[in-house]
Amino acid sequence: MAQVEMTQRMKSLEQQLKSMQGLAGHNSIAFKDLCMFPDVRLPLGFKTPKFEKYDGHGDPIAHLKRYCNQLRGVGGNEELLMAYFGERLTGVASKWFMDQDTFRCYVWGDMARAFVKHFQYNIDVAPDYNSISNLKKKPTESFREYAIKW
């Protein structure tokens with residue numbers, strides 16, 4: 001019994017040391033271990049469009065539509081759609097993406113469904129009068145973005 005407890009304590013200490021070293025439990029910081037889509041090749045002449053970031057608020061389906069429209073030039077290359085999707089997320093949405101097991105999502109449809117399922121609450125919760133009347137324009141957003149919330 002004491003041996004099991006000692007082993008658990010050692011593992012806990014190792015985890016704490018890794019966290020203090022900045023690896024937070026990751027064994028490697030090599031490209032192949034950190035990159036979620038290491039085998040994706042960019043088409044010749046591909047230029048990354050500027051993406052409007054999704055922060056976990058708002059309609060996830062509308063976000064997916066805008067994203068697919070911006071990348072329509074890649075001809076439905078699902079690997080590329082999946083690889084660049086994380087670039088379009090920020091805040092809790094980015095954290096959700098980074099926590100995904102990319103080996104589980106083999107195709108774009110799987111990832112898109114998981115994304116919509118996770119952020120579905122934004123569609124299900126209809127704003128009431130009080131929440132709309134309390135909306136204020138943020139200094140960082142355009143009038144158009146503010147008006148869309150209304």
# chains A, B, ... in the order shown; residues from 1 in each chain; ligands from 1
>>> residues_around(residues="Ala147 of chain A", least_positions_apart="3", cutoff="10 Å", atoms="only C-alpha atoms", output="ChimeraX atom specification")
/A:135,137,142-144,150
>>> residues_around(residues="segment 91-94 of chain A", least_positions_apart="3", cutoff="10 Å", atoms="only C-alpha atoms", output="list in words")
Lys53, Tyr54, Asp55, Gly56, His57, Phe85, Gly86, Glu87, Arg88, Phe97, Met98, Asp99, Phe115, His118 and Phe119 of chain A
>>> closest_residue(among="A:Gly45, A:Glu78, A:Lys95, A:Pro139", to="Met111 of chain A", atoms="only C-alpha atoms")
A:Glu78
>>> residues_around(residues="Ile61 of chain A", least_positions_apart="2", cutoff="10 Å", atoms="only C-alpha atoms", output="compact mmCIF listing (two decimals) with all heavy atoms, in the first residue's frame")
# COMPACT_ATOMS: atom_id res chain seq x y z
N GLY A 58 -22.47 33.88 -30.18
CA GLY A 58 -23.08 34.04 -31.49
C GLY A 58 -23.37 32.69 -32.13
O GLY A 58 -23.06 31.63 -31.59
N ASP A 59 -23.96 32.74 -33.30
CA ASP A 59 -24.42 31.56 -34.00
C ASP A 59 -23.25 30.79 -34.61
O ASP A 59 -22.57 31.29 -35.51
CB ASP A 59 -25.39 32.00 -35.10
CG ASP A 59 -26.05 30.85 -35.83
OD1 ASP A 59 -25.54 29.72 -35.75
OD2 ASP A 59 -27.06 31.10 -36.51
N HIS A 63 -21.11 31.29 -38.29
CA HIS A 63 -19.65 31.38 -38.31
C HIS A 63 -19.07 30.39 -39.33
O HIS A 63 -18.17 30.74 -40.11
CB HIS A 63 -19.08 31.11 -36.93
CG HIS A 63 -17.60 31.07 -36.90
ND1 HIS A 63 -16.83 32.20 -37.01
CD2 HIS A 63 -16.72 30.03 -36.84
CE1 HIS A 63 -15.55 31.86 -37.00
NE2 HIS A 63 -15.47 30.55 -36.89
N LEU A 64 -19.57 29.16 -39.33
CA LEU A 64 -19.08 28.15 -40.27
C LEU A 64 -19.34 28.57 -41.71
O LEU A 64 -18.50 28.36 -42.59
CB LEU A 64 -19.74 26.80 -40.00
CG LEU A 64 -19.30 26.08 -38.73
CD1 LEU A 64 -20.14 24.82 -38.51
CD2 LEU A 64 -17.83 25.73 -38.78
N LYS A 65 -20.49 29.17 -41.97
CA LYS A 65 -20.82 29.62 -43.33
C LYS A 65 -19.83 30.70 -43.79
O LYS A 65 -19.33 30.65 -44.91
CB LYS A 65 -22.25 30.15 -43.39
CG LYS A 65 -23.28 29.06 -43.35
CD LYS A 65 -24.69 29.66 -43.43
CE LYS A 65 -25.74 28.58 -43.42
NZ LYS A 65 -27.09 29.13 -43.50
N ARG A 66 -19.57 31.67 -42.91
CA ARG A 66 -18.61 32.72 -43.28
C ARG A 66 -17.22 32.13 -43.52
O ARG A 66 -16.53 32.50 -44.45
CB ARG A 66 -18.55 33.80 -42.18
CG ARG A 66 -19.77 34.70 -42.14
CD ARG A 66 -19.57 35.88 -41.20
NE ARG A 66 -19.24 35.51 -39.84
CZ ARG A 66 -20.13 35.26 -38.88
NH1 ARG A 66 -21.42 35.37 -39.13
NH2 ARG A 66 -19.75 34.94 -37.67
N TYR A 67 -16.84 31.19 -42.67
CA TYR A 67 -15.53 30.55 -42.80
C TYR A 67 -15.40 29.82 -44.13
O TYR A 67 -14.42 29.99 -44.85
CB TYR A 67 -15.32 29.59 -41.62
CG TYR A 67 -14.04 28.82 -41.70
CD1 TYR A 67 -12.82 29.46 -41.51
CD2 TYR A 67 -14.03 27.46 -41.97
CE1 TYR A 67 -11.63 28.75 -41.58
CE2 TYR A 67 -12.84 26.75 -42.04
CZ TYR A 67 -11.65 27.40 -41.84
OH TYR A 67 -10.47 26.71 -41.92
N ALA A 112 -16.99 20.09 -37.81
CA ALA A 112 -18.04 21.11 -37.86
C ALA A 112 -19.21 20.72 -36.97
O ALA A 112 -19.76 21.56 -36.25
CB ALA A 112 -18.49 21.32 -39.30
N ARG A 113 -19.60 19.44 -37.00
CA ARG A 113 -20.71 18.98 -36.14
C ARG A 113 -20.34 19.12 -34.67
O ARG A 113 -21.15 19.56 -33.85
CB ARG A 113 -21.06 17.53 -36.46
CG ARG A 113 -22.13 17.38 -37.52
CD ARG A 113 -22.60 15.94 -37.67
NE ARG A 113 -21.61 15.07 -38.27
CZ ARG A 113 -21.29 15.08 -39.56
NH1 ARG A 113 -21.88 15.91 -40.39
NH2 ARG A 113 -20.38 14.25 -40.03
N PHE A 115 -18.26 21.23 -33.37
CA PHE A 115 -18.24 22.67 -33.08
C PHE A 115 -19.66 23.19 -32.85
O PHE A 115 -19.92 23.87 -31.85
CB PHE A 115 -17.58 23.40 -34.26
CG PHE A 115 -17.59 24.89 -34.16
CD1 PHE A 115 -16.73 25.55 -33.30
CD2 PHE A 115 -18.46 25.64 -34.93
CE1 PHE A 115 -16.74 26.94 -33.21
CE2 PHE A 115 -18.47 27.01 -34.86
CZ PHE A 115 -17.60 27.66 -33.99
N VAL A 116 -20.57 22.86 -33.76
CA VAL A 116 -21.96 23.33 -33.62
C VAL A 116 -22.59 22.75 -32.37
O VAL A 116 -23.26 23.47 -31.62
CB VAL A 116 -22.79 22.99 -34.88
CG1 VAL A 116 -24.27 23.27 -34.65
CG2 VAL A 116 -22.28 23.77 -36.08
N LYS A 117 -22.36 21.48 -32.11
CA LYS A 117 -22.93 20.84 -30.92
C LYS A 117 -22.44 21.54 -29.65
O LYS A 117 -23.21 21.79 -28.73
CB LYS A 117 -22.56 19.36 -30.90
CG LYS A 117 -23.15 18.61 -29.73
CD LYS A 117 -22.76 17.14 -29.78
CE LYS A 117 -23.31 16.41 -28.56
NZ LYS A 117 -22.89 15.02 -28.53
N PHE A 119 -21.30 24.66 -29.27
CA PHE A 119 -21.74 26.06 -29.14
C PHE A 119 -23.21 26.25 -29.48
O PHE A 119 -23.67 27.37 -29.68
CB PHE A 119 -20.84 26.97 -29.99
CG PHE A 119 -19.44 27.03 -29.46
CD1 PHE A 119 -18.42 26.31 -30.07
CD2 PHE A 119 -19.14 27.76 -28.33
CE1 PHE A 119 -17.13 26.33 -29.57
CE2 PHE A 119 -17.85 27.79 -27.81
CZ PHE A 119 -16.85 27.08 -28.43
N GLN A 120 -23.98 25.16 -29.51
CA GLN A 120 -25.41 25.18 -29.83
C GLN A 120 -26.18 26.08 -28.86
O GLN A 120 -27.18 26.69 -29.24
CB GLN A 120 -25.96 23.76 -29.78
CG GLN A 120 -27.45 23.64 -30.03
CD GLN A 120 -27.81 23.88 -31.49
OE1 GLN A 120 -27.04 23.53 -32.36
NE2 GLN A 120 -28.94 24.47 -31.73
N ILE A 123 -27.51 29.34 -30.00
CA ILE A 123 -28.70 29.37 -30.84
C ILE A 123 -29.95 29.14 -29.99
O ILE A 123 -30.98 29.78 -30.20
CB ILE A 123 -28.62 28.28 -31.94
CG1 ILE A 123 -27.41 28.52 -32.84
CG2 ILE A 123 -29.90 28.23 -32.76
CD1 ILE A 123 -27.12 27.37 -33.79
>>> closest_residue(among="A:Thr90, A:Gln3, A:Asn77, A:Thr48", to="Trp108 of chain A", atoms="only C-alpha atoms")
A:Asn77
>>> atom_distance(atom1="atom CA of Glu141 of chain A", atom2="atom CA of Gly73 of chain A")
27.6 Å
>>> atom_distance(atom1="atom CA of Leu80 of chain A", atom2="atom CA of Pro60 of chain A")
19.2 Å
>>> closest_residue(among="A:Ala83, A:Ala114, A:Val107, A:Ala2", to="Cys35 of chain A", atoms="only C-alpha atoms")
A:Ala83
>>> closest_residue(among="A:Leu89, A:Val74, A:Glu145, A:Ala30", to="Leu42 of chain A", atoms="only C-alpha atoms")
A:Val74
>>> closest_residue(among="A:Phe51, A:Asp110, A:Asn122, A:Glu79", to="Asp39 of chain A", atoms="only C-alpha atoms")
A:Glu79
